[in-house]
file structure-v1.txt (compact mmCIF, C-alpha atoms)
# COMPACT_ATOMS: atom_id res chain seq x y z
CA MET A 1 -3.72 -36.69 -75.24
CA HIS A 2 -6.44 -38.04 -72.93
CA SER A 3 -6.78 -36.64 -69.43
CA LEU A 4 -7.37 -38.70 -66.32
CA GLN A 5 -10.85 -38.60 -64.82
CA PHE A 6 -11.55 -40.05 -61.37
CA THR A 7 -14.98 -41.67 -61.20
CA ALA A 8 -15.15 -43.19 -57.70
CA GLU A 9 -13.17 -43.23 -54.45
CA SER A 10 -13.13 -45.37 -51.31
CA SER A 11 -10.66 -46.31 -48.61
CA SER A 12 -10.05 -49.31 -46.37
CA ASN A 13 -7.20 -51.07 -44.61
CA GLY A 14 -4.86 -48.09 -44.97
CA MET A 15 -5.31 -47.85 -48.74
CA VAL A 16 -7.21 -45.37 -50.92
CA GLU A 17 -8.86 -46.84 -54.04
CA ARG A 18 -9.76 -44.51 -56.92
CA ASP A 19 -11.41 -45.67 -60.13
CA PHE A 20 -10.43 -43.66 -63.18
CA THR A 21 -10.64 -43.45 -66.93
CA VAL A 22 -8.05 -42.29 -69.44
CA GLY A 23 -10.06 -41.77 -72.60
CA ASP A 24 -12.27 -44.84 -72.76
CA VAL A 25 -9.84 -47.07 -70.84
CA PRO A 26 -10.94 -47.84 -67.25
CA GLY A 27 -8.42 -48.31 -64.47
CA VAL A 28 -7.89 -48.25 -60.73
CA LEU A 29 -5.28 -46.42 -58.67
CA TRP A 30 -4.46 -47.63 -55.16
CA SER A 31 -2.56 -45.14 -52.99
CA PRO A 32 -1.37 -44.49 -49.44
CA ALA A 33 -3.36 -42.13 -47.24
CA PRO A 34 -3.40 -38.53 -48.50
CA GLY A 35 -0.66 -36.25 -47.27
CA THR A 36 2.07 -38.89 -47.23
CA GLY A 37 4.08 -37.13 -49.96
CA ARG A 38 5.26 -38.30 -53.36
CA ALA A 39 5.91 -41.98 -53.89
CA PRO A 40 6.92 -44.41 -56.67
CA LEU A 41 4.32 -45.88 -59.02
CA ILE A 42 3.96 -49.56 -59.87
CA LEU A 43 1.96 -50.37 -62.98
CA MET A 44 0.45 -53.85 -62.87
CA GLY A 45 -0.95 -56.08 -65.60
CA HIS A 46 -3.69 -58.62 -64.85
CA GLY A 47 -3.91 -62.16 -66.16
CA GLY A 48 -5.95 -63.42 -69.10
CA GLY A 49 -9.68 -63.59 -68.44
CA ASN A 50 -9.33 -61.43 -65.32
CA HIS A 51 -9.69 -57.70 -64.69
CA LYS A 52 -8.15 -54.71 -62.94
CA LYS A 53 -9.70 -55.46 -59.52
CA HIS A 54 -9.16 -59.23 -59.54
CA PRO A 55 -8.24 -60.40 -56.02
CA ALA A 56 -4.65 -61.04 -57.17
CA MET A 57 -4.36 -57.39 -58.24
CA ALA A 58 -5.92 -56.04 -55.05
CA GLY A 59 -3.77 -58.30 -52.89
CA ARG A 60 -0.53 -57.29 -54.57
CA ALA A 61 -1.55 -53.65 -54.39
CA GLN A 62 -2.24 -53.97 -50.66
CA ARG A 63 1.29 -55.25 -50.10
CA LEU A 64 2.88 -52.50 -52.21
CA VAL A 65 0.80 -49.65 -50.79
CA THR A 66 0.76 -50.50 -47.09
CA GLY A 67 4.11 -52.27 -47.10
CA CYS A 68 6.12 -49.75 -49.13
CA GLY A 69 4.00 -46.63 -49.44
CA PHE A 70 3.86 -46.95 -53.25
CA HIS A 71 1.06 -46.11 -55.66
CA VAL A 72 -0.28 -49.00 -57.78
CA ALA A 73 -2.30 -48.71 -60.99
CA VAL A 74 -3.98 -51.31 -63.21
CA ILE A 75 -6.04 -50.84 -66.37
CA ASP A 76 -8.42 -53.33 -67.91
CA ALA A 77 -6.81 -54.97 -70.92
CA PRO A 78 -8.73 -54.79 -74.22
CA GLY A 79 -11.73 -57.12 -74.12
CA HIS A 80 -11.42 -57.60 -70.34
CA GLY A 81 -13.16 -56.28 -67.25
CA ASP A 82 -15.35 -53.29 -68.02
CA ARG A 83 -14.29 -53.17 -71.67
CA PRO A 84 -16.43 -54.74 -74.42
CA ARG A 85 -15.21 -57.72 -76.36
CA SER A 86 -14.61 -57.33 -80.07
CA ALA A 87 -15.49 -59.96 -82.66
CA HIS A 88 -11.79 -60.86 -82.69
CA ASP A 89 -11.85 -61.38 -78.91
CA GLU A 90 -14.87 -63.67 -79.17
CA GLN A 91 -13.27 -65.69 -81.96
CA GLU A 92 -10.00 -66.24 -80.09
CA ILE A 93 -11.74 -67.11 -76.82
CA ALA A 94 -13.96 -69.62 -78.58
CA GLU A 95 -10.92 -71.19 -80.21
CA LEU A 96 -9.20 -71.43 -76.83
CA TYR A 97 -12.19 -73.19 -75.28
CA ARG A 98 -12.40 -75.55 -78.25
CA ALA A 99 -8.73 -76.50 -77.93
CA ARG A 100 -9.09 -76.96 -74.18
CA ALA A 101 -12.10 -79.24 -74.58
CA ALA A 102 -10.26 -81.27 -77.22
CA GLY A 103 -7.17 -81.63 -75.06
CA GLU A 104 -5.05 -79.70 -77.58
CA PRO A 105 -2.21 -77.36 -76.59
CA GLU A 106 -3.44 -73.91 -75.55
CA GLY A 107 -0.10 -72.20 -76.01
CA PRO A 108 -0.26 -71.28 -79.71
CA ILE A 109 -3.68 -69.66 -79.28
CA VAL A 110 -2.78 -67.80 -76.08
CA VAL A 111 0.49 -66.53 -77.56
CA ARG A 112 -1.25 -65.27 -80.70
CA TYR A 113 -4.13 -63.62 -78.85
CA ASN A 114 -1.95 -62.05 -76.17
CA ALA A 115 0.38 -60.61 -78.80
CA HIS A 116 -2.64 -58.94 -80.41
CA LEU A 117 -3.79 -57.55 -77.06
CA ALA A 118 -0.30 -56.25 -76.31
CA GLU A 119 -0.27 -54.22 -79.52
CA LEU A 120 -3.40 -52.44 -78.29
CA ALA A 121 -2.52 -52.25 -74.60
CA VAL A 122 1.04 -50.89 -74.74
CA PRO A 123 0.04 -47.42 -75.98
CA GLU A 124 -2.84 -47.46 -73.49
CA TYR A 125 -0.43 -48.07 -70.62
CA GLN A 126 1.82 -45.29 -71.90
CA ALA A 127 -1.11 -42.87 -72.06
CA THR A 128 -2.14 -43.94 -68.54
CA LEU A 129 1.39 -43.35 -67.28
CA ASP A 130 1.42 -39.91 -68.90
CA ALA A 131 -1.82 -39.02 -67.08
CA LEU A 132 -0.83 -40.48 -63.71
CA GLN A 133 2.48 -38.63 -63.71
CA GLU A 134 0.55 -35.37 -63.82
CA LEU A 135 -0.73 -36.09 -60.30
CA PRO A 136 1.34 -34.23 -57.69
CA GLU A 137 1.58 -37.30 -55.46
CA ILE A 138 3.29 -39.22 -58.30
CA GLY A 139 5.05 -36.63 -60.45
CA ALA A 140 6.84 -36.81 -63.79
CA ASP A 141 10.27 -37.80 -62.48
CA GLY A 142 9.43 -40.42 -59.87
CA PRO A 143 10.37 -44.11 -60.11
CA VAL A 144 8.06 -46.39 -62.10
CA GLY A 145 7.96 -50.20 -62.01
CA TYR A 146 5.91 -52.88 -63.74
CA PHE A 147 4.51 -56.11 -62.24
CA GLY A 148 2.64 -58.62 -64.42
CA LEU A 149 2.45 -62.40 -64.79
CA ASN A 150 0.88 -64.54 -67.52
CA MET A 151 -0.93 -62.12 -69.88
CA GLY A 152 0.53 -59.37 -67.72
CA THR A 153 3.94 -60.50 -68.98
CA ALA A 154 2.74 -60.68 -72.60
CA ILE A 155 1.77 -57.00 -72.32
CA GLY A 156 4.52 -55.96 -69.93
CA VAL A 157 7.56 -57.16 -71.89
CA PRO A 158 6.79 -55.09 -75.01
CA LEU A 159 5.80 -52.17 -72.77
CA VAL A 160 9.03 -52.17 -70.77
CA ALA A 161 11.03 -52.67 -73.99
CA VAL A 162 9.82 -49.30 -75.33
CA GLU A 163 9.14 -47.33 -72.14
CA PRO A 164 12.29 -45.81 -70.57
CA ARG A 165 10.36 -44.50 -67.55
CA ILE A 166 9.98 -48.06 -66.24
CA THR A 167 13.19 -48.94 -64.44
CA ALA A 168 12.41 -52.30 -62.74
CA ALA A 169 9.98 -55.11 -63.55
CA VAL A 170 8.60 -58.43 -62.35
CA PHE A 171 7.49 -60.90 -65.02
CA GLY A 172 6.76 -64.61 -65.32
CA GLN A 173 4.74 -67.56 -66.59
CA HIS A 174 4.58 -66.99 -70.32
CA TRP A 175 5.81 -68.54 -73.53
CA PRO A 176 8.82 -66.92 -75.27
CA ASP A 177 7.52 -67.12 -78.84
CA ALA A 178 6.39 -63.53 -79.39
CA LEU A 179 8.51 -61.96 -76.65
CA VAL A 180 12.16 -62.95 -77.16
CA GLU A 181 13.16 -60.10 -79.46
CA LYS A 182 11.49 -57.55 -77.20
CA ALA A 183 13.07 -59.11 -74.09
CA LYS A 184 16.49 -58.64 -75.68
CA ARG A 185 15.87 -54.89 -75.55
CA ILE A 186 15.22 -54.85 -71.81
CA THR A 187 18.18 -53.96 -69.58
CA VAL A 188 16.47 -52.89 -66.34
CA PRO A 189 16.55 -55.17 -63.28
CA ILE A 190 13.95 -57.93 -63.43
CA GLU A 191 12.60 -60.77 -61.33
CA PHE A 192 11.09 -63.68 -63.25
CA ALA A 193 8.87 -66.52 -61.99
CA VAL A 194 8.36 -69.96 -63.51
CA GLN A 195 6.46 -73.01 -62.34
CA TRP A 196 8.71 -76.04 -62.75
CA ASP A 197 5.81 -78.42 -63.39
CA ASP A 198 3.68 -76.05 -65.50
CA GLU A 199 1.32 -78.15 -67.61
CA HIS A 200 0.99 -75.41 -70.25
CA ILE A 201 4.40 -73.71 -70.44
CA PRO A 202 7.32 -76.18 -70.62
CA ARG A 203 10.13 -75.24 -68.27
CA GLU A 204 12.46 -74.95 -71.27
CA ALA A 205 10.17 -72.25 -72.68
CA GLY A 206 10.16 -70.28 -69.45
CA LEU A 207 13.93 -70.54 -69.17
CA ALA A 208 14.34 -69.42 -72.78
CA LEU A 209 12.38 -66.25 -72.11
CA PHE A 210 14.34 -65.53 -68.94
CA ASP A 211 17.59 -66.05 -70.80
CA SER A 212 16.56 -63.53 -73.45
CA PHE A 213 16.50 -60.51 -71.15
CA ALA A 214 19.59 -58.34 -71.55
CA SER A 215 19.43 -57.15 -67.94
CA LYS A 216 22.65 -57.38 -65.94
CA GLU A 217 20.50 -57.93 -62.86
CA LYS A 218 17.91 -60.62 -63.41
CA THR A 219 16.73 -63.20 -60.91
CA LEU A 220 14.92 -66.45 -61.70
CA HIS A 221 12.39 -67.79 -59.20
CA ALA A 222 11.51 -71.40 -60.04
CA ASN A 223 8.96 -73.13 -57.84
CA ALA A 224 7.67 -76.67 -57.92
CA GLY A 225 4.04 -76.90 -58.96
CA ARG A 226 1.61 -76.50 -61.83
CA HIS A 227 0.62 -73.33 -63.68
CA LYS A 228 -1.88 -72.02 -61.12
CA GLU A 229 0.16 -73.07 -58.09
CA LEU A 230 2.54 -70.09 -57.96
CA PRO A 231 3.25 -69.65 -54.24
CA ARG A 232 1.72 -66.61 -52.57
CA PHE A 233 5.11 -65.70 -51.13
CA GLU A 234 6.25 -64.72 -54.62
CA ALA A 235 4.09 -61.60 -54.25
CA ASP A 236 6.06 -60.73 -51.12
CA SER A 237 9.30 -61.30 -53.02
CA ALA A 238 8.13 -58.87 -55.70
CA VAL A 239 7.42 -56.27 -53.01
CA ARG A 240 10.95 -56.70 -51.62
CA PHE A 241 12.32 -56.38 -55.16
CA PHE A 242 10.60 -53.04 -55.74
CA ALA A 243 11.44 -51.80 -52.25
CA ARG A 244 15.10 -52.58 -52.90
CA HIS A 245 15.16 -50.63 -56.14
CA PHE A 246 12.82 -47.77 -55.21
CA GLY A 247 13.61 -47.33 -51.53
CA GLY A 248 10.33 -48.27 -49.90
CA PRO A 249 10.23 -48.75 -46.11
CA LEU A 250 9.10 -52.40 -46.41
CA THR A 251 6.85 -52.70 -43.39
CA SER A 252 4.33 -55.49 -42.84
CA PRO A 253 1.09 -54.90 -44.78
CA ALA A 254 -1.84 -53.72 -42.70
call {"tool": "encode", "arguments": {"input": "structure-v1.txt", "output": "C-alpha cells"}}
result
Amino acid sequence: MHSLQFTAESSSNGMVERDFTVGDVPGVLWSPAPGTGRAPLILMGHGGGNHKKHPAMAGRAQRLVTGCGFHVAVIDAPGHGDRPRSAHDEQEIAELYRARAAGEPEGPIVVRYNAHLAELAVPEYQATLDALQELPEIGADGPVGYFGLNMGTAIGVPLVAVEPRITAAVFGQHWPDALVEKAKRITVPIEFAVQWDDEHIPREAGLALFDSFASKEKTLHANAGRHKELPRFEADSAVRFFARHFGGPLTSPA
C-alpha cells in the first residue's frame, strides 16, 4: 500500500491547495481552511488531454470547497499531466490526430483508448482514496462523491461500479460502448450531462448510457450546443447535487 506524500502547499481565495503523490501517481487536494473539521471528499476526473490542475478542475474545486466546505482531489490520469506517455499512449494519440485530420469519426479511437486508461486509473483512484481517508480531516467513514465528464466519465463509471465508498456521482459526455455493463452495476444517485448537438457523441448514444444506470435517482441534464459548449452553470448544478446528498452549506463561492 502506498502512502500519501505532500510535496507543496499554497492557499488563496479561501482554499488550501496541496500537491501530493501516492506511489508515483501525482495529485492535488483542495481543502477548506484548516480547523474547519471533517468534511466530505469529492474525487474528480479530468478530461482527455488535460491534467489535474486544468482550469475546469480548479474552478469546480473552488465551488465545492468554498461553496460547500468539501475536500476535492484529482490525480493525473496515465499519460497525462506530470505523468510520462507510454508508447501505447503515443500510438493512440497519433491515431486520433490522423482521424481528426481526415475527418473520420473520433469516437472509436477515444472509446478504445479511454477504456485502456480506465483499467490503469481505477486502482490508482482506489489507492488514492485509501490514502486520503487516512487524513483526520477526511476520515475513513466520511461521504465520498465522484465528478467527471468526458474521459472523467470513462474512468469514473468503472470506478463507481466497483467502489462502494462512492455514494453519489456526476457523469456526462461519453459514448456508451465500453461503459454500459458497468453502468448497470451503479445504483447510487447520479446526475448526467449531455450536449444535444454534440458533433462527436450522438444524442442517442448519450441517452443510451444514461438509460443504463441502475440508479433509482438519476437526473438527465440535456443542453443545446456542441461538445465543448457545456454551460458553466452545470458546474453549479453539480455542486447543488453533492450538497443535497452530503449536507454541505451551499454558500456562494468566494
call {"tool": "closest_residue", "arguments": {"input": "structure-v1.txt", "among": "A:Gly148, A:Pro164, A:Gly81, A:Gly27", "to": "Thr7 in chain A", "atoms": "all atoms listed in the file"}}
result
A:Gly27
call {"tool": "atom_distance", "arguments": {"input": "structure-v1.txt", "atom1": "CA of Met151 in chain A", "atom2": "CA of Glu204 in chain A"}}
result
18.6 Å
call {"tool": "closest_residue", "arguments": {"input": "structure-v1.txt", "among": "A:Phe242, A:Phe213, A:Tyr146, A:Phe70", "to": "Pro176 in chain A", "atoms": "only C-alpha atoms"}}
result
A:Phe213
call {"tool": "closest_atom_pairs", "arguments": {"input": "structure-v1.txt", "of": "range 159-197 of chain A", "to": "range 34-40 of chain A", "cutoff": "12 Å", "atoms": "only C-alpha atoms", "output": "Markdown table"}}
result
| residue | atom | partner | partner_atom | distance |
| --- | --- | --- | --- | --- |
| A:Arg165 | CA | A:Pro40 | CA | 11.4 |
| A:Ile166 | CA | A:Pro40 | CA | 10.7 |
| A:Thr167 | CA | A:Pro40 | CA | 11.0 |
| A:Ala168 | CA | A:Pro40 | CA | 11.4 |
call {"tool": "closest_atom_pairs", "arguments": {"input": "structure-v1.txt", "of": "range 121-190 of chain A", "to": "range 195-198 of chain A", "cutoff": "12 Å", "atoms": "all atoms listed in the file", "output": "tab-separated table"}}
result
residue	atom	partner	partner_atom	distance
A:Leu149	CA	A:Gln195	CA	11.6
A:Asn150	CA	A:Gln195	CA	11.4
A:Gly172	CA	A:Gln195	CA	8.9
A:Gln173	CA	A:Gln195	CA	7.1
A:His174	CA	A:Gln195	CA	10.2
A:Trp175	CA	A:Asp198	CA	11.2
